[in-house]
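upload-v6.cif, holding mmCIF, C-alpha atoms:
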```cif
data_query
loop_
_atom_site.label_atom_id
_atom_site.label_comp_id
_atom_site.auth_asym_id
_atom_site.auth_seq_id
_atom_site.Cartn_x
_atom_site.Cartn_y
_atom_site.Cartn_z
CA MET A 1398 10.93 84.34 -97.36
CA ASN A 1399 12.61 86.62 -99.85
CA ASP A 1400 13.13 85.41 -103.39
CA PRO A 1401 16.75 84.50 -104.28
CA ALA A 1402 18.62 87.21 -106.10
CA TYR A 1403 20.18 84.85 -108.63
CA LYS A 1404 18.96 82.47 -111.31
CA PHE A 1405 21.07 79.51 -112.34
CA VAL A 1406 20.92 77.79 -115.72
CA PRO A 1407 21.79 74.10 -116.18
CA ASP A 1408 25.15 73.97 -117.91
CA ARG A 1409 26.83 70.69 -116.92
CA PHE A 1410 26.13 67.16 -118.12
CA LEU A 1411 26.06 64.75 -115.22
CA GLY A 1412 28.32 62.08 -116.68
CA ARG A 1413 26.61 59.76 -119.12
CA THR A 1414 23.16 60.24 -117.61
CA GLY A 1415 22.30 62.86 -120.22
CA PHE A 1416 20.95 65.15 -117.50
CA ARG A 1417 22.09 68.77 -117.70
CA ALA A 1418 22.62 70.04 -114.16
CA THR A 1419 23.33 73.32 -112.44
CA ARG A 1420 26.76 73.79 -110.89
CA LEU A 1421 25.25 73.79 -107.41
CA GLY A 1422 23.04 71.09 -105.98
CA ILE A 1423 20.70 71.12 -102.99
CA GLY A 1424 22.15 69.08 -100.13
CA ASP A 1425 20.57 67.90 -96.93
CA LEU A 1426 19.13 70.63 -94.71
CA ALA A 1427 16.86 68.60 -92.44
CA ASP A 1428 16.74 69.73 -88.83
CA ARG A 1429 13.91 68.55 -86.61
CA LYS A 1430 14.25 71.72 -84.56
CA VAL A 1431 13.09 73.66 -87.64
CA PRO A 1432 9.40 73.42 -88.68
CA ILE A 1433 8.90 71.36 -91.81
CA ASP A 1434 7.15 74.20 -93.65
CA GLN A 1435 10.23 76.36 -93.16
CA CYS A 1436 12.54 73.59 -94.39
CA VAL A 1437 10.34 73.03 -97.44
CA ALA A 1438 10.34 76.75 -98.21
CA THR A 1439 14.13 76.83 -98.01
CA VAL A 1440 14.40 73.94 -100.48
CA GLN A 1441 11.94 75.59 -102.83
CA ARG A 1442 13.85 78.85 -102.61
CA ALA A 1443 16.89 77.03 -104.01
CA MET A 1444 14.68 75.53 -106.71
CA ASP A 1445 13.38 79.01 -107.50
CA ALA A 1446 17.02 80.03 -108.04
CA GLY A 1447 17.23 77.34 -110.72
CA LEU A 1448 19.05 74.57 -108.86
CA ASN A 1449 17.86 71.30 -110.33
CA LEU A 1450 19.60 68.50 -108.41
CA ILE A 1451 18.63 67.50 -104.87
CA ASP A 1452 20.02 64.90 -102.49
CA THR A 1453 18.52 63.11 -99.51
CA ALA A 1454 18.82 59.89 -97.49
CA PRO A 1455 16.75 57.88 -95.01
CA SER A 1456 19.33 58.42 -92.26
CA TYR A 1457 19.17 62.22 -92.49
CA GLU A 1458 17.15 63.01 -89.38
CA GLU A 1459 15.50 59.58 -89.54
CA GLY A 1460 13.51 60.21 -92.69
CA TYR A 1461 12.74 63.87 -92.04
CA SER A 1462 14.91 64.92 -94.97
CA GLU A 1463 13.01 62.66 -97.35
CA GLU A 1464 9.71 64.06 -96.11
CA ILE A 1465 10.97 67.61 -96.71
CA VAL A 1466 12.21 66.80 -100.20
CA GLY A 1467 8.99 65.02 -101.10
CA ARG A 1468 6.87 67.97 -100.02
CA ALA A 1469 9.17 70.45 -101.80
CA LEU A 1470 8.79 68.49 -105.04
CA ARG A 1471 4.99 68.36 -105.03
CA GLY A 1472 3.90 69.83 -108.34
CA ARG A 1473 7.55 70.58 -109.17
CA ARG A 1474 9.06 67.17 -109.90
CA ALA A 1475 9.67 67.80 -113.60
CA GLY A 1476 13.21 68.82 -114.41
CA MET A 1477 14.61 67.89 -110.99
CA PHE A 1478 17.26 65.20 -110.58
CA VAL A 1479 16.52 63.43 -107.29
CA ILE A 1480 19.19 61.43 -105.47
CA ASP A 1481 18.34 59.10 -102.60
CA LYS A 1482 20.44 56.54 -100.76
CA ILE A 1483 20.50 52.97 -99.58
CA ASP A 1484 21.87 53.19 -96.07
CA HIS A 1485 22.32 49.49 -95.34
CA TYR A 1486 24.10 47.55 -98.06
CA ASP A 1487 23.91 44.34 -96.00
CA GLN A 1488 20.09 44.40 -95.92
CA PRO A 1489 17.52 43.77 -98.70
CA VAL A 1490 17.58 46.69 -101.11
CA ALA A 1491 13.98 46.57 -102.32
CA ASN A 1492 12.55 47.20 -98.85
CA GLN A 1493 14.81 50.23 -98.40
CA VAL A 1494 13.94 51.63 -101.82
CA ASP A 1495 10.22 51.22 -101.18
CA GLY A 1496 10.52 52.87 -97.77
CA SER A 1497 12.29 55.88 -99.24
CA LEU A 1498 9.78 56.26 -102.06
CA GLN A 1499 6.94 56.09 -99.55
CA ARG A 1500 8.46 58.88 -97.43
CA LEU A 1501 9.13 60.93 -100.55
CA GLN A 1502 5.65 60.21 -101.89
CA LEU A 1503 7.21 59.52 -105.29
CA ASP A 1504 6.98 56.60 -107.68
CA ALA A 1505 10.66 56.82 -108.56
CA VAL A 1506 13.84 58.82 -108.12
CA ASP A 1507 16.56 59.44 -110.65
CA LEU A 1508 19.45 57.92 -108.73
CA PHE A 1509 19.87 55.56 -105.81
CA VAL A 1510 23.37 55.28 -104.35
CA PHE A 1511 24.80 53.05 -101.68
CA HIS A 1512 25.47 55.46 -98.84
CA GLY A 1513 28.97 55.84 -97.41
CA LEU A 1514 30.25 52.69 -99.12
CA SER A 1515 33.85 53.28 -98.07
CA THR A 1516 35.55 49.91 -97.58
CA MET A 1517 36.73 47.40 -100.14
CA GLU A 1518 34.92 44.71 -98.17
CA GLY A 1519 31.69 46.64 -98.56
CA TRP A 1520 32.26 47.19 -102.28
CA HIS A 1521 32.93 43.51 -102.91
CA ARG A 1522 29.84 42.65 -100.92
CA VAL A 1523 27.48 44.81 -103.00
CA ILE A 1524 28.88 43.54 -106.32
CA ALA A 1525 28.77 39.87 -105.36
CA PRO A 1526 26.14 37.70 -107.09
CA GLY A 1527 22.79 38.45 -105.52
CA GLY A 1528 24.28 41.47 -103.74
CA GLY A 1529 23.12 45.04 -103.51
CA MET A 1530 23.96 46.11 -107.04
CA GLU A 1531 22.06 43.20 -108.52
CA GLN A 1532 19.09 43.89 -106.25
CA LEU A 1533 19.16 47.58 -107.16
CA ALA A 1534 19.20 46.66 -110.86
CA LYS A 1535 15.89 44.85 -110.32
CA CYS A 1536 14.45 47.97 -108.70
CA MET A 1537 15.57 49.95 -111.74
CA GLN A 1538 13.91 47.43 -114.04
CA ALA A 1539 10.74 47.98 -112.01
CA GLY A 1540 10.94 51.70 -112.80
CA LYS A 1541 11.87 52.88 -109.31
CA ALA A 1542 15.16 54.51 -110.37
CA ARG A 1543 16.98 55.33 -113.58
CA PHE A 1544 20.58 55.25 -112.37
CA ARG A 1545 22.77 53.83 -109.62
CA GLY A 1546 26.04 54.56 -107.92
CA ILE A 1547 27.76 55.04 -104.57
CA SER A 1548 28.67 57.79 -102.17
CA CYS A 1549 32.10 57.16 -100.75
CA HIS A 1550 34.76 58.43 -98.33
CA ASN A 1551 37.61 56.33 -99.70
CA PRO A 1552 39.40 57.05 -103.00
CA ASP A 1553 40.60 53.45 -103.28
CA VAL A 1554 37.01 52.19 -103.31
CA LEU A 1555 36.11 54.79 -105.93
CA ALA A 1556 39.07 53.67 -108.05
CA ALA A 1557 37.53 50.21 -108.16
CA ALA A 1558 33.91 51.33 -108.55
CA ILE A 1559 34.24 53.85 -111.36
CA PRO A 1560 35.64 51.51 -114.07
CA SER A 1561 33.32 48.67 -113.05
CA GLY A 1562 30.44 49.88 -115.23
CA LEU A 1563 28.12 49.56 -112.23
CA CYS A 1564 28.07 53.25 -111.28
CA ASP A 1565 26.44 55.99 -113.34
CA VAL A 1566 27.18 58.67 -110.73
CA VAL A 1567 29.50 58.79 -107.72
CA LEU A 1568 29.46 61.18 -104.76
CA PHE A 1569 32.70 62.03 -102.97
CA ALA A 1570 34.63 64.82 -101.27
CA VAL A 1571 36.09 67.67 -103.31
CA GLY A 1572 37.21 70.81 -101.53
CA PRO A 1573 40.16 72.58 -99.91
CA TYR A 1574 40.61 69.87 -97.29
CA VAL A 1575 40.29 66.41 -98.84
CA HIS A 1576 42.62 63.53 -99.60
CA PRO A 1577 44.64 64.55 -102.69
CA LYS A 1578 43.72 61.32 -104.51
CA TYR A 1579 40.12 62.50 -104.88
CA ILE A 1580 41.19 65.36 -107.12
CA ALA A 1581 44.39 64.08 -108.72
CA GLU A 1582 43.20 60.55 -109.53
CA ILE A 1583 39.47 60.00 -109.00
CA LEU A 1584 38.13 63.04 -110.87
CA PRO A 1585 40.10 62.23 -114.06
CA LEU A 1586 39.09 58.57 -113.78
CA ALA A 1587 35.41 59.52 -113.57
CA ARG A 1588 35.72 61.74 -116.64
CA LYS A 1589 37.47 58.96 -118.54
CA HIS A 1590 34.62 56.53 -117.87
CA GLY A 1591 31.75 59.01 -118.26
CA VAL A 1592 30.70 58.68 -114.63
CA GLY A 1593 28.96 61.71 -113.15
CA VAL A 1594 30.54 63.43 -110.15
CA VAL A 1595 28.53 65.06 -107.38
CA ALA A 1596 30.97 66.61 -104.92
CA PHE A 1597 30.44 67.17 -101.22
CA LYS A 1598 32.53 68.48 -98.29
CA THR A 1599 33.28 71.79 -100.04
CA PHE A 1600 33.11 73.44 -96.60
CA GLY A 1601 34.59 70.48 -94.75
CA ALA A 1602 31.30 69.82 -92.92
CA GLY A 1603 31.47 73.43 -91.76
CA LYS A 1604 34.91 73.07 -90.16
CA LEU A 1605 36.48 75.38 -92.75
CA LEU A 1606 33.96 78.16 -92.13
CA GLY A 1607 33.56 78.17 -88.36
CA ASP A 1608 34.45 76.82 -84.95
CA THR A 1609 32.68 73.47 -85.13
CA GLU A 1610 33.41 69.76 -85.03
CA GLY A 1611 31.18 69.49 -88.09
CA TYR A 1612 27.56 70.07 -89.06
CA SER A 1613 27.16 72.90 -86.52
CA ARG A 1614 28.18 70.76 -83.56
CA PRO A 1615 30.06 72.97 -81.06
CA LEU A 1616 33.66 72.22 -80.22
CA THR A 1617 33.99 70.10 -77.10
CA GLN A 1618 37.18 71.95 -76.26
CA ARG A 1619 39.06 74.91 -77.64
CA PRO A 1620 42.13 73.55 -79.45
CA ARG A 1621 44.17 76.72 -79.07
CA GLY A 1622 43.08 78.19 -75.73
CA LYS A 1623 42.16 81.77 -74.95
CA VAL A 1624 43.76 85.15 -75.33
CA SER A 1625 45.16 86.44 -72.04
CA SER A 1626 46.34 89.83 -70.92
CA GLY A 1627 48.45 90.17 -67.78
CA GLY A 1628 47.50 86.66 -66.73
CA THR A 1629 43.78 87.40 -67.02
CA GLU A 1630 41.69 85.51 -69.53
CA VAL A 1631 39.92 87.95 -71.81
CA GLN A 1632 38.00 86.10 -74.52
CA GLU A 1633 38.23 83.20 -76.87
CA THR A 1634 39.62 84.07 -80.28
CA LEU A 1635 38.13 82.85 -83.53
CA LEU A 1636 40.08 79.97 -84.98
CA PRO A 1637 41.48 80.20 -88.52
CA ARG A 1638 38.81 79.85 -91.18
CA LEU A 1639 38.18 80.22 -94.90
CA THR A 1640 35.43 82.12 -96.67
CA VAL A 1641 32.49 80.65 -98.58
CA GLU A 1642 33.94 82.10 -101.77
CA GLU A 1643 37.39 80.56 -101.24
CA CYS A 1644 35.94 77.12 -100.55
CA LEU A 1645 33.45 77.17 -103.39
CA HIS A 1646 35.87 78.63 -105.94
CA TYR A 1647 38.30 75.86 -105.02
CA THR A 1648 35.74 73.13 -105.68
CA LEU A 1649 34.51 74.75 -108.89
CA SER A 1650 38.12 75.07 -110.08
CA CYS A 1651 38.37 71.29 -109.82
CA ASP A 1652 35.64 71.15 -112.51
CA VAL A 1653 33.20 68.80 -110.80
CA ASP A 1654 29.80 68.22 -112.36
CA VAL A 1655 27.83 69.41 -109.33
CA ALA A 1656 28.88 70.85 -105.98
CA LEU A 1657 26.36 69.63 -103.42
CA LEU A 1658 25.86 72.17 -100.63
CA GLY A 1659 23.75 72.04 -97.48
CA MET A 1660 22.33 75.56 -97.57
CA SER A 1661 19.93 75.57 -94.63
CA PHE A 1662 18.98 79.24 -94.51
CA PRO A 1663 18.45 82.03 -97.07
CA ASN A 1664 21.59 83.89 -96.01
CA GLU A 1665 23.66 80.73 -96.56
CA GLN A 1666 22.06 80.25 -99.95
CA ASP A 1667 22.75 83.83 -100.95
CA ALA A 1668 26.41 83.56 -99.94
CA ALA A 1669 26.83 80.43 -102.07
CA PHE A 1670 24.90 81.90 -104.98
CA ALA A 1671 27.01 85.07 -104.95
CA ALA A 1672 30.27 83.12 -104.76
CA THR A 1673 29.24 80.99 -107.73
CA LYS A 1674 28.17 83.99 -109.78
CA ASN A 1675 31.54 85.61 -109.04
CA PHE A 1676 33.42 82.57 -110.32
CA ASP A 1677 34.62 83.59 -113.76
CA ALA A 1678 37.94 81.74 -114.03
CA LYS A 1679 39.61 78.77 -112.37
CA LEU A 1680 41.98 79.56 -109.53
CA SER A 1681 45.69 79.37 -110.29
CA GLU A 1682 47.81 76.56 -108.84
CA ASP A 1683 49.39 79.04 -106.43
CA GLN A 1684 45.98 80.24 -105.26
CA MET A 1685 44.77 76.69 -104.73
CA ALA A 1686 47.93 75.73 -102.85
CA SER A 1687 47.49 78.72 -100.55
CA ILE A 1688 43.87 77.80 -99.81
CA ARG A 1689 44.83 74.17 -99.13
CA GLN A 1690 47.45 75.26 -96.61
CA ARG A 1691 45.05 77.57 -94.83
CA ALA A 1692 42.47 74.79 -94.81
CA VAL A 1693 44.87 72.61 -92.82
CA ASP A 1694 45.07 75.36 -90.21
CA ALA A 1695 41.29 75.77 -90.24
CA VAL A 1696 40.49 72.11 -89.43
CA THR A 1697 43.22 71.60 -86.84
CA GLY A 1698 41.80 70.66 -83.47
CA LYS A 1699 38.22 70.33 -84.73
CA GLY A 1700 37.92 66.57 -84.61
CA PRO A 1701 38.26 63.84 -87.23
CA CYS A 1702 37.63 64.41 -90.92
CA TRP A 1703 35.95 61.10 -91.67
CA TRP A 1704 35.99 61.68 -95.42
CA ASN A 1705 39.79 61.34 -95.47
CA PRO A 1706 41.01 57.74 -95.08
#
```

Would you encode the structure as structure tokens?
Amino acid sequence: MNDPAYKFVPDRFLGRTGFRATRLGIGDLADRKVPIDQCVATVQRAMDAGLNLIDTAPSYEEGYSEEIVGRALRGRRAGMFVIDKIDHYDQPVANQVDGSLQRLQLDAVDLFVFHGLSTMEGWHRVIAPGGGMEQLAKCMQAGKARFRGISCHNPDVLAAAIPSGLCDVVLFAVGPYVHPKYIAEILPLARKHGVGVVAFKTFGAGKLLGDTEGYSRPLTQRPRGKVSSGGTEVQETLLPRLTVEECLHYTLSCDVDVALLGMSFPNEQDAAFAATKNFDAKLSEDQMASIRQRAVDAVTGKGPCWWNP
């Protein structure tokens, strides 16, 4: 595997954690169809480029992601901010934490978040006496994590979580096609309270870049038919799409702490690295409005966008 052509330097504080992060983070790239050595090499290639924040979860390919991350970090743990998740907030937290650490082959991670905690009912459940947050605090006291937070697909839940003092870092959608509250209300609220922001869905789960229902799943049906000539079908046309640079420059213009990207192959990494290196000034309001409008066209007919309530 070729070495990355770019080298990133940590230049963003991740909220009040004190950790200085790179603008890009390493998102999930687990695929059981790809040999684990190849997945590990891809992760390490991003690390070689300087990226110093990595995210995983037990539910990503049923633990395969955690195994990949653990192997990628062998001998390279220092200086990396590792995020893992608690998938089931209605089950004992300690067992889930221990299971993740075992798959990672680590004694501790930097941050555990409650995964996809996107209803007010769920939030109230984890903050209740004896609930998930209290259980996670005990795991932190035992040295198994330094920080806690949530990943979330609902801005109203984030509006309650951020000022609570129970979240050091939150993960939520920031990109050309997200609910406007995430950017207009939740980002400023996180800054006000010193809560770190790790953004996902920059590419809309891939919907903004290609003809997919998300995460490389093919479309079950073409939303806009085929081109025809004289009554004869010729070929399917590409649906509207954005570029990697447009998507990434949009998210970076929102001034998030870290943009978390699932860069599964070297060419995808290089495209993201180049777009970030070319980002020298925030987009204007007119430019951002234009990208948002084109993003609406790009996701139309490609299935639900579950990160928008």

Quiz item: Could you work out how far CA of Val1653 (chain A) lies from CA of Lys1679 (chain A), giving the answer in Å with one decimal?
Solution: 12.0 Å

Quiz item: For Thr1453 (chain A), which of A:Asp1495, A:Asp1484, A:Asp1434, A:Glu1665 is the closest residue, counting only C-alpha atoms?
Solution: A:Asp1484

Practice problem: Considering only C-alpha atoms, state which residue in the set A:Leu1636, A:Pro1577, A:Glu1610, A:Ala1669 is at the smallest distance from Leu1448 (chain A). | Solution: A:Ala1669

Quiz prompt | Selection result for the PyMOL selection byres ((chain A and resi 1520) around 12) on this file, as number ranges by chain | solution = A: 1486-1487, 1511-1519, 1521-1525, 1528-1530, 1546-1549, 1551, 1553-1559, 1561, 1563-1564

I need the residues from that last selection saved to file as a JSON list (two decimals), keeping the file's coordinate frame (with C-alpha atoms), if you can.
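Generated output (again.json):
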```json
[["chain", "number", "residue", "atom", "x", "y", "z"],
["A", 1486, "TYR", "CA", 24.10, 47.55, -98.06],
["A", 1487, "ASP", "CA", 23.91, 44.34, -96.00],
["A", 1511, "PHE", "CA", 24.80, 53.05, -101.68],
["A", 1512, "HIS", "CA", 25.47, 55.46, -98.84],
["A", 1513, "GLY", "CA", 28.97, 55.84, -97.41],
["A", 1514, "LEU", "CA", 30.25, 52.69, -99.12],
["A", 1515, "SER", "CA", 33.85, 53.28, -98.07],
["A", 1516, "THR", "CA", 35.55, 49.91, -97.58],
["A", 1517, "MET", "CA", 36.73, 47.40, -100.14],
["A", 1518, "GLU", "CA", 34.92, 44.71, -98.17],
["A", 1519, "GLY", "CA", 31.69, 46.64, -98.56],
["A", 1521, "HIS", "CA", 32.93, 43.51, -102.91],
["A", 1522, "ARG", "CA", 29.84, 42.65, -100.92],
["A", 1523, "VAL", "CA", 27.48, 44.81, -103.00],
["A", 1524, "ILE", "CA", 28.88, 43.54, -106.32],
["A", 1525, "ALA", "CA", 28.77, 39.87, -105.36],
["A", 1528, "GLY", "CA", 24.28, 41.47, -103.74],
["A", 1529, "GLY", "CA", 23.12, 45.04, -103.51],
["A", 1530, "MET", "CA", 23.96, 46.11, -107.04],
["A", 1546, "GLY", "CA", 26.04, 54.56, -107.92],
["A", 1547, "ILE", "CA", 27.76, 55.04, -104.57],
["A", 1548, "SER", "CA", 28.67, 57.79, -102.17],
["A", 1549, "CYS", "CA", 32.10, 57.16, -100.75],
["A", 1551, "ASN", "CA", 37.61, 56.33, -99.70],
["A", 1553, "ASP", "CA", 40.60, 53.45, -103.28],
["A", 1554, "VAL", "CA", 37.01, 52.19, -103.31],
["A", 1555, "LEU", "CA", 36.11, 54.79, -105.93],
["A", 1556, "ALA", "CA", 39.07, 53.67, -108.05],
["A", 1557, "ALA", "CA", 37.53, 50.21, -108.16],
["A", 1558, "ALA", "CA", 33.91, 51.33, -108.55],
["A", 1559, "ILE", "CA", 34.24, 53.85, -111.36],
["A", 1561, "SER", "CA", 33.32, 48.67, -113.05],
["A", 1563, "LEU", "CA", 28.12, 49.56, -112.23],
["A", 1564, "CYS", "CA", 28.07, 53.25, -111.28]]
```

Quiz item: Smallest atom-to-atom distance to Val1440 (chain A): which of A:Arg1468, A:Lys1604, A:His1590, A:Arg1413, using only C-alpha atoms?
Solution: A:Arg1468

Exercise. Just the residues within 7 Å of region 1416-1427 of chain A, please, counting only C-alpha atoms, with nothing from its chain fewer than 4 positions along; format it as number ranges by chain.
Key: A: 1405-1411, 1436, 1448-1453, 1457-1458, 1461-1462, 1654-1661

Output file for the selection above: C-alpha atoms, as a PDB file, keeping the file's coordinate frame:
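To be explicit, this is the file written out as result-v1.pdb:
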```pdb
ATOM      1  CA  PHE A1405      21.070  79.510-112.340  1.00  0.00           C
ATOM      2  CA  VAL A1406      20.920  77.790-115.720  1.00  0.00           C
ATOM      3  CA  PRO A1407      21.790  74.100-116.180  1.00  0.00           C
ATOM      4  CA  ASP A1408      25.150  73.970-117.910  1.00  0.00           C
ATOM      5  CA  ARG A1409      26.830  70.690-116.920  1.00  0.00           C
ATOM      6  CA  PHE A1410      26.130  67.160-118.120  1.00  0.00           C
ATOM      7  CA  LEU A1411      26.060  64.750-115.220  1.00  0.00           C
ATOM      8  CA  CYS A1436      12.540  73.590 -94.390  1.00  0.00           C
ATOM      9  CA  LEU A1448      19.050  74.570-108.860  1.00  0.00           C
ATOM     10  CA  ASN A1449      17.860  71.300-110.330  1.00  0.00           C
ATOM     11  CA  LEU A1450      19.600  68.500-108.410  1.00  0.00           C
ATOM     12  CA  ILE A1451      18.630  67.500-104.870  1.00  0.00           C
ATOM     13  CA  ASP A1452      20.020  64.900-102.490  1.00  0.00           C
ATOM     14  CA  THR A1453      18.520  63.110 -99.510  1.00  0.00           C
ATOM     15  CA  TYR A1457      19.170  62.220 -92.490  1.00  0.00           C
ATOM     16  CA  GLU A1458      17.150  63.010 -89.380  1.00  0.00           C
ATOM     17  CA  TYR A1461      12.740  63.870 -92.040  1.00  0.00           C
ATOM     18  CA  SER A1462      14.910  64.920 -94.970  1.00  0.00           C
ATOM     19  CA  ASP A1654      29.800  68.220-112.360  1.00  0.00           C
ATOM     20  CA  VAL A1655      27.830  69.410-109.330  1.00  0.00           C
ATOM     21  CA  ALA A1656      28.880  70.850-105.980  1.00  0.00           C
ATOM     22  CA  LEU A1657      26.360  69.630-103.420  1.00  0.00           C
ATOM     23  CA  LEU A1658      25.860  72.170-100.630  1.00  0.00           C
ATOM     24  CA  GLY A1659      23.750  72.040 -97.480  1.00  0.00           C
ATOM     25  CA  MET A1660      22.330  75.560 -97.570  1.00  0.00           C
ATOM     26  CA  SER A1661      19.930  75.570 -94.630  1.00  0.00           C
TER      27      SER A1661
END
```

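Of the residues under consideration (A:His1576, A:Ser1687, A:Lys1699, A:Arg1429), A:Lys1699 shows the shortest atom-to-atom contact distance to Pro1615 (chain A) when counting only C-alpha atoms.
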
Quiz item: Which one of A:Asn1675, A:Gln1690, A:Gly1700, A:Asn1664 sits closest to Arg1614 (chain A) if you count all atoms listed in the file?
Solution: A:Gly1700

Practice problem: Take the point (39.0, 82.8, -93.0) as written in the file and pick out every residue within 12 Å of it, counting all atoms listed in the file; give the list as a ChimeraX atom specification. | Solution: /A:1600,1604-1608,1635-1644,1688,1690-1696
